[in-house]
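This report refers to the structure that appears directly beneath it.
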Amino acid sequence: MSVRRLRRRLVSGTMTTLVGVLSFVAVLALLLILGHLVAKGASSLDWSFFTKNPVPAGESGGGVANAIVGTAIIVGLAALIGLPIGIGTGLYLAEYGSGRLGWTVRFVADVLNGTPSIVIGIFAWTWLVKPMGHFSALAGGVALAALMVPMLARTTEEMVRLVPHSLREAALALGYARWRTSLRIVARTALAGILTGCLVGIARVAGETAPLLFTALGNLNFSTHVLEPMQTLSLQIYVYATGPFDEWHRMAWAAALVLMGLVLILALAARWALRSRYGAAR
Amino acid sequence: MAPPADARLQLETARLTALYGRRAVVKDVSILFPTHTVTALIGPSGCGKTTFLRCLNRMHELSEGGWITGKVLLHGEDIYDPGVDAVQLRRRIGMVFQRPTPFPTMSIYDNVAAGLRVNGSRPRAQIDAAVEGALRRAALWDEVKDRLRHSALDLSGGQQQRLCVARALAPEPEVLLLDEPTASLDPTGTQRIEELLHELKTRYTIVIVTHNLQQAARVSDYTGFFYLGDLVELGRTEELFTKPTKHQTEAYITGRFG
């Protein structure tokens with residue numbers, strides 16, 4: 001009896017230690033990356049980094065204002081296009097998607113979810129950049145939206161499915177039409193979860209580089225014109241990090257720190273949204 | 001709408017059979033529900049009483065594979081007539097479920113007002129009055145009048161269920177369907193709901209499904225006993241419980257099965 005008990009405690013203790021160590025390794029990786037970024041990048045962060053545009057190679061100073069604004073514009077475009085389509089698709093899948101069409105849409109979304117982003121970029125180039133004759137921020141936004149849609153569709157579907165069936169029935173029994181039940185009761189109850197999915201989706205595409213190489217291209221000057229090439233933080237990091245100058249490498253670290261900070265803020269906002277008033281579907 | 005043949009017969013079913021696919025779970029049931037009475041439906045689990053109840057406001061057809069044959073007449077008019085809009089119909093027949101189902105994103109006030117707002121916009125004062133009236137009739141007003149803007153989830157389970165009663169009453173339905181409304185409540189909450197039914201039957205025609213035989217005996221004027229989808233016996237409550245005519249009924253109410 002006591003031997004068995006000893007064995008149980010031993011196994012339990014070993015397993016607890018093991019999962020503890022593994023989670024520590026996972027967190028450690030994140031902390032190392034963050035720490036490294038701060039160590040290498042923080043020193044280059046000053047006011048002009050946020051407000052000035054890049055200067056020609058060899059000169060010191062300058063900033064990445066164009067890339068910050070560009071990231072905001074392109075991610076904004078992607079959200080504008082991707083959020084309604086993604087959320088709408090998710091609602092459709094959860095509420096009406098039990099038939100063959102629903103199965104097909106779900107399958108396509110899963111395949112798209114697993115498609116490498118560079119492939120999406122090539123498609124955006126073929127269908128937008130080539131016919132239009134030039135690279136543009138708009139094409140970049142569309143490429144990022146295409147990445148966001150399947151992700152959002154599946155998260156929205158999951159969140160809506162979490163809403164108890166009894167709530168739906170209560171609304172229907174009260175004389176709500178089916179569409180109204182979906183929008184006013186089910187979607188609203190799942191709203192916090194859907195919002196979190198949106199912020200996570202935005203945060204994910206904000207760091208994408210590959211699909212933008214073929215579409216937004218990058219731009220050394222400040223531009224807010226969506227039909228022209230535009231710079232983003234990820235493209236700026238790519239150019240600076242692969243360049244030959246120490247000054248560029250320094251800037252790349254700083255830009256990476258800024259990008260990581262933006263993603264962190266979005267993630268925190270998502271957390272906060274989930275805790276907001278009246279709770280979510282759980 | 002044609003005038004009813006007998007004003008006292010507000011709701012009735014005529015040879016109602018409810019099916020899931022090809023499987024009949026309610027078989028050929030005809031019941032008259034007189035106006036302003038409480039009718040209790042009792043029977044063991046899976047006997048079809050809940051499905052029967054869900055046929056009375058056309059909720060059954062929303063279930064996968066659910067359909068019916070026969071008729072359900074409200075004031076002599078078949079609610080399954082192709083000309084009848086099921087969504088509109090459900091605004092005339094209120095329903096309360098086994099578990100409290102307050103809308104979690106809405107305040108107490110908005111929960112009660114939900115059924116009113118869905119039926120076209122009306123002046124604010126009118127909604128205020130209807131919400132207060134419904135909460136009073138559900139015996140919840142005094143407990144929540146100072147926190148109408150709070151989340152409905154702040155209420156206790158028993159309060160939430162009375163909120164659901166108020167929500168069902170606010171649109172002024174003609175019939176109130178209750179599907180084991182006290183199944184998830186403690187004795188105090190149960191007692192409040194039962195007291196409520198006595199008040200409510202002066203204004204509404206009530207059909208209640210219950211597992212609790214004492215409850216059926218306490219609250220109802222008529223009781224119907226369901227077994228395996230059949231309506232075995234229907235009668236005045238005191239008669240059904242004291243001298244049932246069918247052997248199965250007697251076996252069930254004396255606790256020999258079910």
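Letters A, B, ... mark the chains of the structure tokens in the order given; residue numbers begin at 1 per chain; ligand numbers begin at 1, in order shown.
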
Quick one: pick out all strand (DSSP E or B) residues within stretch 107-191 of chain B from a backbone DSSP run and write them as a PDB file with C-alpha atoms, in the first residue's frame.
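Written out: out.pdb:
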```pdb
ATOM      1  CA  SER B 107     -29.545  44.686 -18.048  1.00  0.00           C
ATOM      2  CA  SER B 151     -26.662  42.982 -15.410  1.00  0.00           C
ATOM      3  CA  VAL B 175     -50.987  31.818 -23.065  1.00  0.00           C
ATOM      4  CA  LEU B 176     -48.007  31.066 -20.824  1.00  0.00           C
ATOM      5  CA  LEU B 177     -46.084  27.822 -21.292  1.00  0.00           C
ATOM      6  CA  LEU B 178     -43.786  26.669 -18.505  1.00  0.00           C
ATOM      7  CA  ASP B 179     -41.339  23.830 -19.022  1.00  0.00           C
TER       8      ASP B 179
END
```

Open item on the list: At a cut-off of 12 Å, using only C-alpha atoms, what residues contact A:Gly90? Leave out same-chain residues fewer than 5 positions from it and give the result as a PyMOL selection string.
Closed with: chain A and resi 82-85+95-97+102+105-106+109+149-161+182+187+190+194+197-198

- [ ] Up to 12 Å from chain B, what residues of chain A turn up? Count only C-alpha atoms and give them as number ranges by chain.
- [x] A: 98, 163-181, 184-192, 276-282

Residues just named, written with N, CA and C atoms as a compact mmCIF listing (two decimals), in the first residue's frame:
```txt
# COMPACT_ATOMS: atom_id res chain seq x y z
N SER A 98 -24.45 24.13 -41.35
CA SER A 98 -24.44 22.70 -41.08
C SER A 98 -24.53 21.88 -42.37
N VAL A 163 -21.98 30.03 -27.26
CA VAL A 163 -23.20 30.61 -26.69
C VAL A 163 -24.21 29.48 -26.48
N PRO A 164 -24.73 29.33 -25.26
CA PRO A 164 -25.61 28.20 -24.98
C PRO A 164 -26.85 28.20 -25.88
N HIS A 165 -27.24 26.99 -26.27
CA HIS A 165 -28.40 26.84 -27.13
C HIS A 165 -29.66 27.39 -26.46
N SER A 166 -29.71 27.28 -25.12
CA SER A 166 -30.91 27.71 -24.40
C SER A 166 -31.18 29.20 -24.60
N LEU A 167 -30.11 29.97 -24.79
CA LEU A 167 -30.26 31.41 -24.99
C LEU A 167 -30.94 31.70 -26.32
N ARG A 168 -30.52 30.94 -27.33
CA ARG A 168 -31.10 31.07 -28.66
C ARG A 168 -32.60 30.73 -28.60
N GLU A 169 -32.92 29.63 -27.90
CA GLU A 169 -34.32 29.21 -27.80
C GLU A 169 -35.15 30.26 -27.07
N ALA A 170 -34.56 30.83 -26.01
CA ALA A 170 -35.29 31.84 -25.25
C ALA A 170 -35.66 33.01 -26.16
N ALA A 171 -34.73 33.42 -27.01
CA ALA A 171 -35.00 34.54 -27.90
C ALA A 171 -36.06 34.18 -28.93
N LEU A 172 -35.94 32.99 -29.49
CA LEU A 172 -36.93 32.56 -30.49
C LEU A 172 -38.32 32.46 -29.88
N ALA A 173 -38.39 31.95 -28.64
CA ALA A 173 -39.69 31.79 -27.99
C ALA A 173 -40.30 33.15 -27.66
N LEU A 174 -39.46 34.18 -27.62
CA LEU A 174 -39.95 35.52 -27.31
C LEU A 174 -40.45 36.22 -28.57
N GLY A 175 -40.33 35.55 -29.70
CA GLY A 175 -40.79 36.14 -30.94
C GLY A 175 -39.71 36.87 -31.72
N TYR A 176 -38.45 36.51 -31.46
CA TYR A 176 -37.35 37.03 -32.28
C TYR A 176 -37.29 36.20 -33.56
N ALA A 177 -37.11 36.87 -34.69
CA ALA A 177 -36.87 36.13 -35.92
C ALA A 177 -35.47 35.55 -35.84
N ARG A 178 -35.18 34.58 -36.72
CA ARG A 178 -33.91 33.89 -36.60
C ARG A 178 -32.71 34.81 -36.80
N TRP A 179 -32.77 35.69 -37.82
CA TRP A 179 -31.64 36.59 -38.07
C TRP A 179 -31.43 37.52 -36.90
N ARG A 180 -32.55 37.95 -36.29
CA ARG A 180 -32.44 38.88 -35.17
C ARG A 180 -31.84 38.18 -33.95
N THR A 181 -32.22 36.91 -33.78
CA THR A 181 -31.63 36.12 -32.70
C THR A 181 -30.12 36.01 -32.90
N ARG A 184 -28.72 39.97 -32.50
CA ARG A 184 -28.96 40.70 -31.26
C ARG A 184 -28.59 39.90 -30.02
N ILE A 185 -28.81 38.61 -30.06
CA ILE A 185 -28.59 37.81 -28.86
C ILE A 185 -27.29 37.01 -28.96
N VAL A 186 -27.18 36.18 -29.99
CA VAL A 186 -26.03 35.27 -30.05
C VAL A 186 -24.72 36.03 -30.30
N ALA A 187 -24.71 36.86 -31.35
CA ALA A 187 -23.47 37.57 -31.67
C ALA A 187 -23.09 38.53 -30.55
N ARG A 188 -24.10 39.15 -29.94
CA ARG A 188 -23.79 40.10 -28.87
C ARG A 188 -23.22 39.40 -27.65
N THR A 189 -23.72 38.22 -27.38
CA THR A 189 -23.20 37.47 -26.24
C THR A 189 -21.76 37.02 -26.51
N ALA A 190 -21.48 36.71 -27.78
CA ALA A 190 -20.14 36.25 -28.13
C ALA A 190 -19.20 37.42 -28.45
N LEU A 191 -19.70 38.65 -28.33
CA LEU A 191 -18.97 39.81 -28.82
C LEU A 191 -17.56 39.94 -28.26
N ALA A 192 -17.42 39.76 -26.95
CA ALA A 192 -16.10 39.92 -26.35
C ALA A 192 -15.11 38.94 -26.97
N SER A 276 -14.18 42.77 -20.19
CA SER A 276 -15.03 43.95 -20.07
C SER A 276 -16.44 43.58 -19.61
N ARG A 277 -17.26 44.55 -19.43
CA ARG A 277 -18.55 44.46 -18.74
C ARG A 277 -19.45 43.33 -19.25
N TYR A 278 -20.23 42.80 -18.34
CA TYR A 278 -21.25 41.79 -18.60
C TYR A 278 -20.70 40.46 -19.09
N GLY A 279 -19.37 40.31 -19.10
CA GLY A 279 -18.81 39.00 -19.38
C GLY A 279 -19.06 38.51 -20.79
N ALA A 280 -18.55 37.32 -21.07
CA ALA A 280 -18.67 36.76 -22.41
C ALA A 280 -19.41 35.45 -22.33
N ALA A 281 -19.19 34.64 -23.31
CA ALA A 281 -19.95 33.39 -23.41
C ALA A 281 -19.31 32.28 -22.58
N ARG A 282 -19.04 32.55 -21.36
CA ARG A 282 -18.52 31.46 -20.53
C ARG A 282 -18.88 31.70 -19.09
```

Open item on the list: Which residues are close to stretch 119-127 of chain A, i.e. within 8 Å by only C-alpha atoms, leaving aside same-chain residues fewer than 4 positions away? Reply as an NGL selection string.
Closed with: :A and (115 or 131 or 139-140 or 142-143 or 146-147 or 210-215)

With C-alpha atoms retained, write the just-selected residues as a CSV table (one decimal), in the first residue's frame.
```
chain,number,residue,atom,x,y,z
A,115,THR,CA,-1.3,28.5,-46.6
A,131,PRO,CA,-3.3,44.3,-63.6
A,139,ALA,CA,-2.7,45.4,-52.7
A,140,GLY,CA,-0.8,44.9,-49.4
A,142,VAL,CA,-5.8,43.0,-49.5
A,143,ALA,CA,-3.1,40.4,-49.0
A,146,ALA,CA,-6.8,37.4,-47.1
A,147,LEU,CA,-4.6,36.1,-44.3
A,210,ALA,CA,6.4,38.1,-47.0
A,211,PRO,CA,3.1,39.1,-48.6
A,212,LEU,CA,4.0,42.7,-48.5
A,213,LEU,CA,7.2,42.2,-50.5
A,214,PHE,CA,5.2,41.6,-53.6
A,215,THR,CA,2.5,44.1,-52.9
```

Task: For stretch 140-147 of chain B: contacts at 8 Å, only C-alpha atoms, fewer than 6 positions along chain excluded, given as a ChimeraX atom specification - done: /B:108,132,159,162-163

Take the selection from the previous step and output its residues with N, CA and C atoms, as an mmCIF file, in the first residue's frame.
```cif
data_model
loop_
_atom_site.group_PDB
_atom_site.id
_atom_site.type_symbol
_atom_site.label_atom_id
_atom_site.label_comp_id
_atom_site.auth_asym_id
_atom_site.auth_seq_id
_atom_site.Cartn_x
_atom_site.Cartn_y
_atom_site.Cartn_z
ATOM 1 N N ILE B 108 -31.242 44.123 -16.425
ATOM 2 C CA ILE B 108 -32.529 43.590 -15.986
ATOM 3 C C ILE B 108 -33.657 44.232 -16.796
ATOM 4 N N GLU B 132 -42.313 47.647 -15.655
ATOM 5 C CA GLU B 132 -42.683 47.640 -14.237
ATOM 6 C C GLU B 132 -43.849 46.682 -13.983
ATOM 7 N N GLN B 159 -34.303 34.431 -8.722
ATOM 8 C CA GLN B 159 -34.661 35.750 -9.270
ATOM 9 C C GLN B 159 -34.562 35.745 -10.790
ATOM 10 N N ARG B 162 -37.636 34.232 -12.204
ATOM 11 C CA ARG B 162 -38.783 35.152 -12.167
ATOM 12 C C ARG B 162 -38.597 36.274 -13.185
ATOM 13 N N LEU B 163 -37.310 36.628 -13.445
ATOM 14 C CA LEU B 163 -37.048 37.605 -14.499
ATOM 15 C C LEU B 163 -37.506 37.044 -15.849
#
```

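Those residues that approach A:Asn66 to within 9 Å, counting only C-alpha atoms, are Phe50, Thr51, Lys52, Asn53, Pro54, Gly63, Val64, Ile68, Val69, Gly70, Thr71, Asn219, Leu220, Asn221, Phe222, Ser223, Thr224, Met230, Gln231, Thr232 and Leu233 of chain A; same-chain residues fewer than 2 positions away are not listed.
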
Keeping only all heavy atoms, write the selected residues as a compact mmCIF listing (two decimals), in the first residue's frame.
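So out37.txt came out as:
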```
# COMPACT_ATOMS: atom_id res chain seq x y z
N PHE A 50 10.61 58.31 -34.07
CA PHE A 50 9.18 58.20 -34.35
C PHE A 50 8.68 59.28 -35.31
O PHE A 50 7.63 59.12 -35.91
CB PHE A 50 8.38 58.29 -33.05
CG PHE A 50 8.57 57.11 -32.14
CD1 PHE A 50 9.46 57.17 -31.09
CD2 PHE A 50 7.88 55.92 -32.37
CE1 PHE A 50 9.65 56.08 -30.26
CE2 PHE A 50 8.06 54.82 -31.54
CZ PHE A 50 8.96 54.90 -30.48
N THR A 51 9.42 60.39 -35.40
CA THR A 51 8.88 61.53 -36.16
C THR A 51 9.60 61.79 -37.48
O THR A 51 9.07 62.46 -38.35
CB THR A 51 8.95 62.82 -35.33
OG1 THR A 51 10.31 62.98 -34.89
CG2 THR A 51 8.03 62.75 -34.12
N LYS A 52 10.82 61.26 -37.65
CA LYS A 52 11.58 61.56 -38.87
C LYS A 52 11.50 60.40 -39.85
O LYS A 52 11.24 59.25 -39.48
CB LYS A 52 13.04 61.83 -38.51
CG LYS A 52 13.24 63.13 -37.71
CD LYS A 52 14.43 63.89 -38.26
CE LYS A 52 14.44 65.32 -37.76
NZ LYS A 52 14.83 65.38 -36.33
N ASN A 53 11.76 60.72 -41.12
CA ASN A 53 11.82 59.69 -42.14
C ASN A 53 13.24 59.19 -42.29
O ASN A 53 14.18 59.84 -41.82
CB ASN A 53 11.30 60.24 -43.45
CG ASN A 53 9.79 60.45 -43.40
OD1 ASN A 53 9.07 59.68 -42.76
ND2 ASN A 53 9.34 61.52 -44.02
N PRO A 54 13.44 58.06 -42.97
CA PRO A 54 14.81 57.54 -43.13
C PRO A 54 15.68 58.52 -43.90
O PRO A 54 15.20 59.26 -44.77
CB PRO A 54 14.59 56.27 -43.96
CG PRO A 54 13.17 55.91 -43.79
CD PRO A 54 12.44 57.19 -43.58
N GLY A 63 14.49 58.51 -38.88
CA GLY A 63 13.61 57.61 -38.14
C GLY A 63 12.77 56.76 -39.06
O GLY A 63 13.12 56.60 -40.23
N VAL A 64 11.71 56.21 -38.51
CA VAL A 64 10.86 55.32 -39.31
C VAL A 64 9.41 55.78 -39.29
O VAL A 64 8.49 54.97 -39.34
CB VAL A 64 10.96 53.87 -38.80
CG1 VAL A 64 12.35 53.31 -39.04
CG2 VAL A 64 10.58 53.79 -37.34
N ILE A 68 5.89 53.53 -39.61
CA ILE A 68 4.86 53.43 -38.57
C ILE A 68 3.51 53.80 -39.16
O ILE A 68 2.52 53.08 -39.01
CB ILE A 68 5.21 54.32 -37.36
CG1 ILE A 68 6.47 53.77 -36.68
CG2 ILE A 68 4.06 54.37 -36.38
CD1 ILE A 68 7.01 54.65 -35.57
N VAL A 69 3.47 54.95 -39.86
CA VAL A 69 2.22 55.38 -40.48
C VAL A 69 1.77 54.37 -41.53
O VAL A 69 0.59 54.01 -41.62
CB VAL A 69 2.39 56.79 -41.10
CG1 VAL A 69 1.17 57.16 -41.92
CG2 VAL A 69 2.64 57.81 -40.01
N GLY A 70 2.72 53.86 -42.30
CA GLY A 70 2.40 52.87 -43.34
C GLY A 70 1.81 51.61 -42.75
O GLY A 70 0.82 51.08 -43.26
N THR A 71 2.42 51.14 -41.65
CA THR A 71 1.89 49.94 -40.99
C THR A 71 0.45 50.18 -40.57
O THR A 71 -0.43 49.35 -40.81
CB THR A 71 2.74 49.59 -39.76
OG1 THR A 71 4.07 49.30 -40.19
CG2 THR A 71 2.17 48.37 -39.03
N ASN A 219 8.81 51.79 -49.25
CA ASN A 219 8.97 53.13 -49.79
C ASN A 219 9.86 53.90 -48.83
O ASN A 219 9.62 53.89 -47.62
CB ASN A 219 7.59 53.80 -49.87
CG ASN A 219 7.64 55.10 -50.66
OD1 ASN A 219 8.69 55.74 -50.75
ND2 ASN A 219 6.49 55.47 -51.20
N LEU A 220 10.91 54.51 -49.35
CA LEU A 220 11.83 55.21 -48.44
C LEU A 220 11.27 56.56 -48.02
O LEU A 220 11.75 57.18 -47.09
CB LEU A 220 13.19 55.39 -49.11
CG LEU A 220 14.00 54.09 -49.20
CD1 LEU A 220 15.26 54.30 -50.01
CD2 LEU A 220 14.33 53.57 -47.82
N ASN A 221 10.27 57.04 -48.75
CA ASN A 221 9.68 58.34 -48.42
C ASN A 221 8.36 58.17 -47.68
O ASN A 221 7.77 57.12 -47.68
CB ASN A 221 9.46 59.13 -49.70
CG ASN A 221 10.76 59.32 -50.45
OD1 ASN A 221 11.75 59.74 -49.88
ND2 ASN A 221 10.75 58.92 -51.72
N PHE A 222 7.94 59.26 -47.11
CA PHE A 222 6.66 59.28 -46.42
C PHE A 222 5.54 59.30 -47.45
O PHE A 222 5.54 60.11 -48.36
CB PHE A 222 6.59 60.53 -45.52
CG PHE A 222 5.43 60.52 -44.60
CD1 PHE A 222 5.52 59.93 -43.35
CD2 PHE A 222 4.22 61.09 -44.98
CE1 PHE A 222 4.45 59.92 -42.49
CE2 PHE A 222 3.15 61.09 -44.12
CZ PHE A 222 3.26 60.51 -42.88
N SER A 223 4.60 58.36 -47.34
CA SER A 223 3.50 58.33 -48.29
C SER A 223 2.23 57.87 -47.60
O SER A 223 2.26 56.95 -46.79
CB SER A 223 3.84 57.37 -49.45
OG SER A 223 2.66 57.05 -50.15
N THR A 224 1.15 58.55 -47.89
CA THR A 224 -0.14 58.09 -47.38
C THR A 224 -1.06 57.73 -48.53
O THR A 224 -2.25 57.55 -48.35
CB THR A 224 -0.81 59.17 -46.51
OG1 THR A 224 -0.90 60.36 -47.29
CG2 THR A 224 -0.04 59.42 -45.24
N MET A 230 4.16 51.62 -50.30
CA MET A 230 4.19 52.18 -48.96
C MET A 230 5.12 51.36 -48.09
O MET A 230 5.26 50.15 -48.28
CB MET A 230 2.77 52.18 -48.38
CG MET A 230 2.59 53.09 -47.18
SD MET A 230 0.91 52.99 -46.55
CE MET A 230 0.07 54.09 -47.67
N GLN A 231 5.74 52.02 -47.12
CA GLN A 231 6.65 51.33 -46.21
C GLN A 231 5.87 50.78 -45.01
O GLN A 231 4.89 51.38 -44.58
CB GLN A 231 7.72 52.32 -45.72
CG GLN A 231 8.83 51.68 -44.93
CD GLN A 231 9.68 50.78 -45.81
OE1 GLN A 231 9.23 49.83 -46.39
NE2 GLN A 231 10.96 51.11 -45.88
N THR A 232 6.32 49.65 -44.48
CA THR A 232 5.79 49.19 -43.19
C THR A 232 6.97 48.84 -42.30
O THR A 232 8.10 48.71 -42.78
CB THR A 232 4.90 47.94 -43.33
OG1 THR A 232 5.75 46.83 -43.63
CG2 THR A 232 3.84 48.09 -44.39
N LEU A 233 6.71 48.70 -41.01
CA LEU A 233 7.78 48.37 -40.07
C LEU A 233 8.46 47.06 -40.44
O LEU A 233 9.69 46.94 -40.41
CB LEU A 233 7.22 48.29 -38.64
CG LEU A 233 7.03 49.63 -37.95
CD1 LEU A 233 6.21 49.45 -36.69
CD2 LEU A 233 8.37 50.27 -37.64
```

- [ ] Going by DSSP on the backbone, which bits of stretch 4-100 of chain A are alpha helix (DSSP H)? Write them as a ChimeraX atom specification, please.
- [x] /A:4-41,47-51,65-96,100

TODO: Excluding B:Gly229 and any residue of its chain fewer than 6 positions from it, enumerate the residues within 7 Å of it, using only C-alpha atoms, and give them as a PyMOL selection string.
DONE: chain B and resi 25-27+47-48

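Minimum atom-to-atom distance to B:Lys246, evaluated using only C-alpha atoms, belongs to B:Gly224 out of B:Gly158, B:Gly224, B:Pro187, B:Gly83.
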
- [ ] May I have the residues within 8 Å of stretch 232-235 of chain B as a PyMOL selection string, using only C-alpha atoms and disregarding those fewer than 2 positions away in the same chain?
- [x] chain B and resi 222-227+230+237+239-240+245-246+248-249

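Of the listed residues A:Ala267, A:Ala273, A:Gly62, A:Tyr238, the one whose atoms come nearest to A:Gly201 is A:Ala267, with distances taken using only C-alpha atoms.
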